[in-house]
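J.: Next comes upload.cif, mmCIF, C-alpha atoms:
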```cif
data_entry
loop_
_atom_site.label_atom_id
_atom_site.label_comp_id
_atom_site.auth_asym_id
_atom_site.auth_seq_id
_atom_site.Cartn_x
_atom_site.Cartn_y
_atom_site.Cartn_z
CA MET Y 16 121.22 20.07 3.47
CA ALA Y 17 120.64 22.81 0.91
CA GLY Y 18 117.21 23.47 2.44
CA VAL Y 19 118.69 23.87 5.90
CA LEU Y 20 121.30 26.28 4.53
CA ALA Y 21 118.62 28.31 2.76
CA ILE Y 22 116.58 28.60 5.97
CA ALA Y 23 119.67 29.66 7.90
CA LEU Y 24 120.46 32.36 5.34
CA MET Y 25 116.88 33.64 5.44
CA ALA Y 26 116.75 33.83 9.24
CA PRO Y 27 117.24 37.35 10.65
CA ALA Y 28 120.57 38.02 12.30
CA PRO Y 29 120.41 38.22 16.09
CA ILE Y 30 120.20 41.75 17.43
CA ALA Y 31 123.34 42.81 19.28
CA PRO Y 32 122.52 44.26 22.71
CA GLU Y 33 122.13 48.04 22.47
CA TYR Y 34 121.70 50.16 25.57
CA VAL Y 35 120.39 53.73 25.61
CA ALA Y 36 120.56 55.69 28.87
CA LEU Y 37 118.08 58.56 29.24
CA GLY Y 38 117.24 60.95 32.04
CA ASP Y 39 118.29 63.85 34.20
CA SER Y 40 121.27 64.66 36.43
CA TYR Y 41 120.74 61.59 38.61
CA ALA Y 42 121.20 59.50 35.45
CA SER Y 43 123.97 61.61 33.93
CA GLY Y 44 126.02 61.38 37.11
CA ALA Y 45 126.15 65.01 38.24
CA GLY Y 46 127.90 64.97 41.59
CA ALA Y 47 130.02 61.90 40.86
CA GLY Y 48 132.98 63.63 39.16
CA SER Y 49 135.05 62.42 36.18
CA TYR Y 50 132.84 64.27 33.70
CA VAL Y 51 133.05 63.32 30.07
CA ASP Y 52 130.51 65.98 29.04
CA GLY Y 53 130.57 69.21 31.04
CA SER Y 54 127.34 70.73 29.77
CA CYS Y 55 125.23 67.66 30.58
CA ARG Y 56 127.49 66.62 33.49
CA ARG Y 57 127.79 63.07 32.20
CA SER Y 58 130.13 61.18 34.47
CA ALA Y 59 132.27 58.14 33.82
CA ASN Y 60 131.14 57.07 37.31
CA ALA Y 61 127.41 57.28 36.51
CA TYR Y 62 125.37 54.10 36.68
CA PRO Y 63 124.69 54.13 32.91
CA ALA Y 64 128.41 54.42 32.13
CA LEU Y 65 129.17 51.51 34.45
CA ARG Y 66 126.36 49.42 32.99
CA GLY Y 67 127.23 50.39 29.43
CA LYS Y 68 130.56 48.58 29.62
CA ASP Y 69 128.63 45.32 29.19
CA PHE Y 70 127.13 46.38 25.86
CA PRO Y 71 128.67 46.41 22.38
CA SER Y 72 126.50 49.45 21.60
CA PHE Y 73 125.89 52.10 24.27
CA ARG Y 74 124.36 55.56 23.89
CA PHE Y 75 124.64 57.76 26.97
CA VAL Y 76 122.38 60.77 26.39
CA ALA Y 77 121.11 61.56 29.91
CA CYS Y 78 121.60 65.25 30.67
CA SER Y 79 121.56 67.38 33.80
CA GLY Y 80 118.48 69.58 33.96
CA ALA Y 81 116.31 67.31 31.82
CA THR Y 82 112.57 67.13 32.41
CA THR Y 83 109.90 64.92 30.87
CA LYS Y 84 109.17 67.85 28.54
CA SER Y 85 112.77 68.21 27.32
CA LEU Y 86 113.50 64.57 26.49
CA LYS Y 87 112.78 64.99 22.78
CA SER Y 88 116.45 65.28 21.84
CA GLN Y 89 117.31 62.24 23.96
CA PHE Y 90 114.55 60.18 22.36
CA ARG Y 91 116.37 60.48 19.03
CA ALA Y 92 118.91 57.96 20.33
CA LEU Y 93 116.22 55.26 20.45
CA THR Y 94 115.74 52.83 17.57
CA PRO Y 95 114.01 49.47 16.98
CA ALA Y 96 117.47 47.93 17.54
CA THR Y 97 117.63 49.21 21.12
CA THR Y 98 117.40 46.33 23.59
CA LEU Y 99 117.68 48.17 26.93
CA VAL Y 100 116.57 51.64 28.02
CA THR Y 101 117.12 53.07 31.48
CA ILE Y 102 115.73 56.36 32.73
CA THR Y 103 115.60 58.48 35.86
CA ILE Y 104 113.31 61.47 35.31
CA GLY Y 105 110.74 63.64 37.07
CA GLY Y 106 112.72 65.47 39.75
CA ASN Y 107 113.23 68.58 37.67
CA ASP Y 108 109.57 68.63 36.61
CA LEU Y 109 108.58 69.32 40.20
CA GLY Y 110 111.31 71.95 40.62
CA PHE Y 111 114.09 70.10 42.47
CA VAL Y 112 116.59 72.98 42.26
CA ASP Y 113 114.07 75.56 43.46
CA VAL Y 114 112.93 73.27 46.28
CA MET Y 115 116.49 72.78 47.54
CA THR Y 116 117.33 76.48 47.13
CA THR Y 117 114.24 77.47 49.10
CA CYS Y 118 114.98 74.98 51.86
CA THR Y 119 118.63 76.01 52.07
CA LEU Y 120 118.12 79.78 52.17
CA ASN Y 121 114.84 80.06 54.09
CA GLY Y 122 113.20 78.89 57.29
CA ASP Y 123 111.15 75.81 58.01
CA LYS Y 124 107.82 77.33 57.02
CA ALA Y 125 108.99 78.42 53.56
CA CYS Y 126 110.69 75.08 52.97
CA VAL Y 127 107.69 73.00 54.00
CA SER Y 128 105.39 75.16 51.87
CA ARG Y 129 107.60 74.77 48.79
CA VAL Y 130 107.87 71.02 49.32
CA ALA Y 131 104.07 70.79 49.64
CA LYS Y 132 103.74 72.56 46.29
CA ALA Y 133 106.12 70.04 44.73
CA VAL Y 134 104.22 67.11 46.24
CA LYS Y 135 100.96 68.50 44.84
CA PHE Y 136 102.59 68.54 41.41
CA VAL Y 137 103.80 64.96 41.90
CA HIS Y 138 100.27 63.71 42.40
CA GLU Y 139 98.35 65.97 40.04
CA GLN Y 140 100.61 66.49 37.02
CA LEU Y 141 103.62 64.19 37.06
CA PRO Y 142 101.76 60.90 36.38
CA ALA Y 143 100.56 62.06 32.96
CA ARG Y 144 104.01 63.41 32.11
CA LEU Y 145 105.66 60.11 33.02
CA ASP Y 146 103.04 58.16 31.10
CA GLY Y 147 103.77 60.25 28.02
CA ALA Y 148 107.54 59.84 28.31
CA TYR Y 149 107.35 56.08 28.80
CA ALA Y 150 104.90 55.72 25.91
CA THR Y 151 107.31 57.54 23.59
CA ILE Y 152 110.12 55.22 24.66
CA ARG Y 153 107.92 52.21 24.00
CA SER Y 154 106.99 53.39 20.51
CA SER Y 155 110.55 54.45 19.60
CA ALA Y 156 112.23 51.32 20.97
CA PRO Y 157 109.57 48.59 20.76
CA ASN Y 158 112.06 45.77 21.32
CA ALA Y 159 113.69 47.25 24.41
CA GLU Y 160 113.46 46.36 28.05
CA LEU Y 161 112.50 49.59 29.85
CA VAL Y 162 113.90 50.08 33.33
CA VAL Y 163 112.91 53.08 35.46
CA LEU Y 164 115.21 53.97 38.34
CA GLY Y 165 113.84 56.13 41.13
CA TYR Y 166 115.35 58.65 43.52
CA PRO Y 167 116.73 58.08 47.03
CA ARG Y 168 115.77 59.96 50.16
CA LEU Y 169 118.31 62.73 50.71
CA PHE Y 170 118.75 62.26 54.44
CA THR Y 171 119.30 59.42 56.87
CA PRO Y 172 116.74 59.70 59.71
CA ASN Y 173 118.07 60.92 63.07
CA ASP Y 174 121.48 61.73 61.65
CA GLN Y 175 121.76 65.01 63.62
CA CYS Y 176 122.48 66.79 60.36
CA ARG Y 177 123.15 70.51 60.69
CA THR Y 178 122.84 71.21 56.98
CA LEU Y 179 119.06 71.55 57.27
CA SER Y 180 116.67 71.41 60.23
CA LYS Y 181 114.99 68.16 61.20
CA ARG Y 182 111.63 69.46 59.97
CA LYS Y 183 113.08 70.32 56.57
CA ARG Y 184 114.82 66.97 56.26
CA GLN Y 185 111.65 65.10 57.12
CA ALA Y 186 109.59 67.08 54.60
CA LEU Y 187 112.13 66.37 51.86
CA ASN Y 188 112.32 62.67 52.69
CA ASP Y 189 108.53 62.40 52.72
CA ALA Y 190 108.42 64.07 49.31
CA ALA Y 191 111.00 61.57 48.00
CA ASP Y 192 108.79 58.72 49.20
CA GLN Y 193 105.77 60.10 47.38
CA LEU Y 194 107.79 60.71 44.23
CA SER Y 195 109.00 57.11 44.34
CA GLU Y 196 105.49 55.75 44.76
CA VAL Y 197 104.10 57.79 41.87
CA THR Y 198 107.03 56.88 39.62
CA ALA Y 199 106.75 53.18 40.47
CA ALA Y 200 103.04 53.24 39.60
CA ALA Y 201 103.74 54.92 36.26
CA ALA Y 202 106.45 52.37 35.49
CA GLU Y 203 104.00 49.56 36.21
CA ARG Y 204 101.42 51.09 33.89
CA ALA Y 205 104.08 51.16 31.16
CA GLY Y 206 105.07 47.55 31.74
CA ALA Y 207 108.54 48.67 32.82
CA ARG Y 208 110.73 47.39 35.60
CA TYR Y 209 111.14 49.76 38.52
CA VAL Y 210 114.33 49.99 40.59
CA ASP Y 211 113.69 51.51 44.02
CA VAL Y 212 116.97 52.75 45.50
CA ARG Y 213 115.62 54.17 48.76
CA GLU Y 214 116.60 51.24 50.94
CA ALA Y 215 120.05 51.03 49.38
CA PHE Y 216 120.66 54.65 50.42
CA ALA Y 217 118.89 54.34 53.80
CA ASP Y 218 122.06 54.61 55.91
CA HIS Y 219 123.99 56.75 53.45
CA GLY Y 220 122.20 60.11 53.37
CA VAL Y 221 123.80 63.53 53.20
CA CYS Y 222 125.04 63.67 56.80
CA SER Y 223 125.53 59.96 57.49
CA ALA Y 224 128.83 58.43 58.57
CA GLU Y 225 129.32 57.15 55.01
CA PRO Y 226 127.39 59.53 52.73
CA TRP Y 227 126.50 58.49 49.20
CA MET Y 228 124.81 61.86 48.66
CA ASN Y 229 126.59 65.20 48.37
CA ALA Y 230 125.73 67.95 50.81
CA LEU Y 231 125.91 71.59 49.69
CA VAL Y 232 129.09 71.60 47.61
CA SER Y 233 130.86 73.58 44.90
CA PRO Y 234 129.86 73.60 42.11
CA THR Y 235 126.36 73.92 43.50
CA GLU Y 236 124.80 71.86 40.69
CA ASP Y 237 126.49 68.81 42.22
CA SER Y 238 124.79 69.42 45.57
CA TYR Y 239 122.24 66.89 46.81
CA HIS Y 240 123.19 64.39 44.11
CA PRO Y 241 124.74 60.93 44.43
CA ASN Y 242 128.51 60.92 44.68
CA LYS Y 243 130.72 58.25 43.10
CA ALA Y 244 129.73 55.68 45.75
CA GLY Y 245 126.06 56.59 45.30
CA GLN Y 246 126.22 56.05 41.56
CA PHE Y 247 127.86 52.68 42.16
CA ALA Y 248 124.95 51.83 44.47
CA TYR Y 249 122.58 52.69 41.61
CA PHE Y 250 124.61 50.44 39.32
CA GLU Y 251 124.46 47.57 41.79
CA ALA Y 252 120.69 47.98 42.19
CA LEU Y 253 120.24 48.00 38.41
CA THR Y 254 122.44 44.95 37.94
CA ALA Y 255 120.63 43.05 40.70
CA ARG Y 256 117.31 43.79 38.98
CA LEU Y 257 118.42 42.78 35.49
CA GLY Y 258 121.36 40.38 35.69
CA LYS Y 259 124.06 40.65 33.02
CA PHE Y 260 121.83 41.84 30.16
#
```
Have the structure of the file written as structure tokens, please.

T.:
Amino acid sequence: MAGVLAIALMAPAPIAPEYVALGDSYASGAGAGSYVDGSCRRSANAYPALRGKDFPSFRFVACSGATTKSLKSQFRALTPATTLVTITIGGNDLGFVDVMTTCTLNGDKACVSRVAKAVKFVHEQLPARLDGAYATIRSSAPNAELVVLGYPRLFTPNDQCRTLSKRKRQALNDAADQLSEVTAAAAERAGARYVDVREAFADHGVCSAEPWMNALVSPTEDSYHPNKAGQFAYFEALTARLGKF
């Protein structure tokens, strides 16, 4: 009996689930309201905040405007005790704000040209940046499950949207598809789980009957981001991929 007790005392205590949420505005919840941090636009409606309710330890450090190159401060939240890490990142690396500004204020030709530049970046430079970010997560949180969540298409096909021309909408949706494919491949290389939200948002684009994406709104930094319903869709996709923990 004494030997059993000694073994029990020597055994390491189980690690309590600890969740760290990293990423950009799509992870922080910009566009979903109920902000708990104005500078980073962290929302109580964001998918990490909804998921974090299941964890005794939750660190929500995603921040609007983040790129793969600016994640260093967020990485400090990671420890060997971290058991789950989620991240949505890459959109700002390819110039999301500039792309949407160009497409909103200029004609089809300028929009398509700017989108093509972004797509070129997606294929030529983003893979290495994602690889580096995921590798840092792996080394900083070696015991964590890493889950990468992608981006939706902005527009529902054939929605007769007047916000942007059909040609612009198609170019942006095509770019979203290529971004998703590149991100999924990088997640696979890192041994991470990938959550593709494109189909979930398929009938809920900017100008759909039930939009889960904001159109051009005020404040403008919330434009073309998931609204409260969109963030809940992210949460549901994440939960379906992982289960409770």

J.: I'd like the contact shell of Tyr50 in chain Y - 9 Å cut-off, all atoms listed in the file, skipping same-chain residues fewer than 6 positions apart - returned as a list in words.

T.: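 Near neighbours after the sequence-gap exclusion: Gly44, Arg56, Arg57, Ser58, Ala59 and Asn60 of chain Y.
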
J.: Name the residues in contact with Gly147 in chain Y at a cut-off of 9 Å, using all atoms listed in the file, excluding same-chain residues fewer than 5 positions from it; report them as a list in words.

T.: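 Surrounding residues, per the criterion: Thr83, Pro142 and Ile152 of chain Y.
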
J.: Would you work out the distance separating CA of Glu236 in chain Y from CA of Ala47 in chain Y, expressed in Å to one decimal?

T.: 11.2 Å

J.: Using only C-alpha atoms, which residues sit within 7 Å of Thr82 in chain Y once same-chain residues fewer than 2 positions away are excluded, as a list in words?

T.: Asp39, Gly80, Lys84, Ser85, Leu86, Ile104, Gly105, Asn107 and Asp108 of chain Y

J.: Could you turn the residues from that selection into a file that holds C-alpha atoms, as a CSV table (one decimal), in the frame of the given file?

T.:
```
chain,number,residue,atom,x,y,z
Y,39,ASP,CA,118.3,63.8,34.2
Y,80,GLY,CA,118.5,69.6,34.0
Y,84,LYS,CA,109.2,67.8,28.5
Y,85,SER,CA,112.8,68.2,27.3
Y,86,LEU,CA,113.5,64.6,26.5
Y,104,ILE,CA,113.3,61.5,35.3
Y,105,GLY,CA,110.7,63.6,37.1
Y,107,ASN,CA,113.2,68.6,37.7
Y,108,ASP,CA,109.6,68.6,36.6
```

J.: Counting all atoms listed in the file, what is within 7 Å of range 63-72 of chain Y, bar same-chain residues fewer than 2 positions away, as a compact mmCIF listing (two decimals) with C-alpha atoms, in the frame of the given file?

T.:
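Now in result.txt:
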```txt
# COMPACT_ATOMS: atom_id res chain seq x y z
CA PRO Y 32 122.52 44.26 22.71
CA GLU Y 33 122.13 48.04 22.47
CA TYR Y 34 121.70 50.16 25.57
CA ALA Y 36 120.56 55.69 28.87
CA ALA Y 42 121.20 59.50 35.45
CA ALA Y 59 132.27 58.14 33.82
CA ASN Y 60 131.14 57.07 37.31
CA ALA Y 61 127.41 57.28 36.51
CA ARG Y 74 124.36 55.56 23.89
CA PHE Y 75 124.64 57.76 26.97
CA PHE Y 250 124.61 50.44 39.32
```

J.: Between CA of Arg213 in chain Y and CA of Ala125 in chain Y, measure the distance and give it in Å to one decimal.

T.: 25.6 Å

J.: Could you state the separation of CA of Leu231 in chain Y and CA of Val163 in chain Y in Å, given to one decimal place?

T.: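 Taking CA of Leu231 in chain Y and CA of Val163 in chain Y, their separation equals 26.7 Å.
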
J.: When distances are computed from only C-alpha atoms, which of Y:Asn158, Y:Thr103, Y:Ser43, Y:Thr119 shows the smallest separation from Ser79 in chain Y?

T.: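 The answer is Y:Ser43, which sits nearest to Ser79 in chain Y.
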
J.: May I ask which of the residues Y:Val35, Y:Ala45, Y:Ala133, Y:Ala148 is the closest one to Pro234 in chain Y, counting all atoms listed in the file?

T.: Y:Ala45

J.: Care to translate the PyMOL selection byres ((chain Y and resi 183) around 9) into actual residues of this file, as a PyMOL selection string?

T.: chain Y and resi 118+122-124+126-127+130+179-182+184-188

J.: Now that the selection is made, can you save its residues with C-alpha atoms as a PDB file, keeping the file's coordinate frame?

T.:
```
ATOM      1  CA  CYS Y 118     114.980  74.980  51.860  1.00  0.00           C
ATOM      2  CA  GLY Y 122     113.200  78.890  57.290  1.00  0.00           C
ATOM      3  CA  ASP Y 123     111.150  75.810  58.010  1.00  0.00           C
ATOM      4  CA  LYS Y 124     107.820  77.330  57.020  1.00  0.00           C
ATOM      5  CA  CYS Y 126     110.690  75.080  52.970  1.00  0.00           C
ATOM      6  CA  VAL Y 127     107.690  73.000  54.000  1.00  0.00           C
ATOM      7  CA  VAL Y 130     107.870  71.020  49.320  1.00  0.00           C
ATOM      8  CA  LEU Y 179     119.060  71.550  57.270  1.00  0.00           C
ATOM      9  CA  SER Y 180     116.670  71.410  60.230  1.00  0.00           C
ATOM     10  CA  LYS Y 181     114.990  68.160  61.200  1.00  0.00           C
ATOM     11  CA  ARG Y 182     111.630  69.460  59.970  1.00  0.00           C
ATOM     12  CA  ARG Y 184     114.820  66.970  56.260  1.00  0.00           C
ATOM     13  CA  GLN Y 185     111.650  65.100  57.120  1.00  0.00           C
ATOM     14  CA  ALA Y 186     109.590  67.080  54.600  1.00  0.00           C
ATOM     15  CA  LEU Y 187     112.130  66.370  51.860  1.00  0.00           C
ATOM     16  CA  ASN Y 188     112.320  62.670  52.690  1.00  0.00           C
TER      17      ASN Y 188
END
```

J.: Please identify all polymer residues within 7 Å of Arg208 in chain Y, counting all atoms listed in the file, omitting same-chain residues fewer than 4 positions from it, and present them as a PyMOL selection string.

T.: chain Y and resi 161-163+202

J.: I need range 127-140 of chain Y written out with N, CA, C and O atoms, as an mmCIF file, in the first residue's frame; please produce it.

T.:
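Contents of out.cif, freshly written:
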```cif
data_model
loop_
_atom_site.group_PDB
_atom_site.id
_atom_site.type_symbol
_atom_site.label_atom_id
_atom_site.label_comp_id
_atom_site.auth_asym_id
_atom_site.auth_seq_id
_atom_site.Cartn_x
_atom_site.Cartn_y
_atom_site.Cartn_z
ATOM 1 N N VAL Y 127 -8.877 44.196 -59.792
ATOM 2 C CA VAL Y 127 -8.370 42.892 -60.231
ATOM 3 C C VAL Y 127 -6.847 42.865 -60.196
ATOM 4 O O VAL Y 127 -6.235 41.858 -59.820
ATOM 5 N N SER Y 128 -6.221 43.973 -60.563
ATOM 6 C CA SER Y 128 -4.760 44.056 -60.536
ATOM 7 C C SER Y 128 -4.229 43.950 -59.106
ATOM 8 O O SER Y 128 -3.241 43.248 -58.853
ATOM 9 N N ARG Y 129 -4.890 44.643 -58.183
ATOM 10 C CA ARG Y 129 -4.434 44.591 -56.776
ATOM 11 C C ARG Y 129 -4.664 43.201 -56.183
ATOM 12 O O ARG Y 129 -3.830 42.696 -55.414
ATOM 13 N N VAL Y 130 -5.757 42.576 -56.535
ATOM 14 C CA VAL Y 130 -6.022 41.218 -56.054
ATOM 15 C C VAL Y 130 -4.979 40.252 -56.607
ATOM 16 O O VAL Y 130 -4.485 39.377 -55.890
ATOM 17 N N ALA Y 131 -4.622 40.417 -57.887
ATOM 18 C CA ALA Y 131 -3.608 39.548 -58.493
ATOM 19 C C ALA Y 131 -2.266 39.681 -57.766
ATOM 20 O O ALA Y 131 -1.554 38.686 -57.572
ATOM 21 N N LYS Y 132 -1.935 40.893 -57.359
ATOM 22 C CA LYS Y 132 -0.701 41.118 -56.597
ATOM 23 C C LYS Y 132 -0.756 40.371 -55.263
ATOM 24 O O LYS Y 132 0.234 39.753 -54.838
ATOM 25 N N ALA Y 133 -1.919 40.418 -54.617
ATOM 26 C CA ALA Y 133 -2.084 39.721 -53.345
ATOM 27 C C ALA Y 133 -1.977 38.208 -53.526
ATOM 28 O O ALA Y 133 -1.348 37.517 -52.717
ATOM 29 N N VAL Y 134 -2.580 37.702 -54.590
ATOM 30 C CA VAL Y 134 -2.532 36.263 -54.860
ATOM 31 C C VAL Y 134 -1.094 35.816 -55.139
ATOM 32 O O VAL Y 134 -0.665 34.734 -54.707
ATOM 33 N N LYS Y 135 -0.348 36.630 -55.839
ATOM 34 C CA LYS Y 135 1.065 36.324 -56.097
ATOM 35 C C LYS Y 135 1.819 36.190 -54.774
ATOM 36 O O LYS Y 135 2.638 35.274 -54.591
ATOM 37 N N PHE Y 136 1.535 37.089 -53.855
ATOM 38 C CA PHE Y 136 2.155 37.038 -52.530
ATOM 39 C C PHE Y 136 1.753 35.756 -51.798
ATOM 40 O O PHE Y 136 2.583 35.107 -51.150
ATOM 41 N N VAL Y 137 0.481 35.399 -51.908
ATOM 42 C CA VAL Y 137 -0.026 34.187 -51.248
ATOM 43 C C VAL Y 137 0.777 32.962 -51.651
ATOM 44 O O VAL Y 137 1.131 32.135 -50.811
ATOM 45 N N HIS Y 138 1.092 32.863 -52.917
ATOM 46 C CA HIS Y 138 1.796 31.675 -53.408
ATOM 47 C C HIS Y 138 3.311 31.757 -53.232
ATOM 48 O O HIS Y 138 3.956 30.728 -52.990
ATOM 49 N N GLU Y 139 3.864 32.963 -53.328
ATOM 50 C CA GLU Y 139 5.320 33.077 -53.337
ATOM 51 C C GLU Y 139 5.940 33.364 -51.971
ATOM 52 O O GLU Y 139 7.080 32.962 -51.715
ATOM 53 N N GLN Y 140 5.224 34.060 -51.103
ATOM 54 C CA GLN Y 140 5.827 34.466 -49.831
ATOM 55 C C GLN Y 140 5.099 33.974 -48.592
ATOM 56 O O GLN Y 140 5.728 33.713 -47.556
#
```
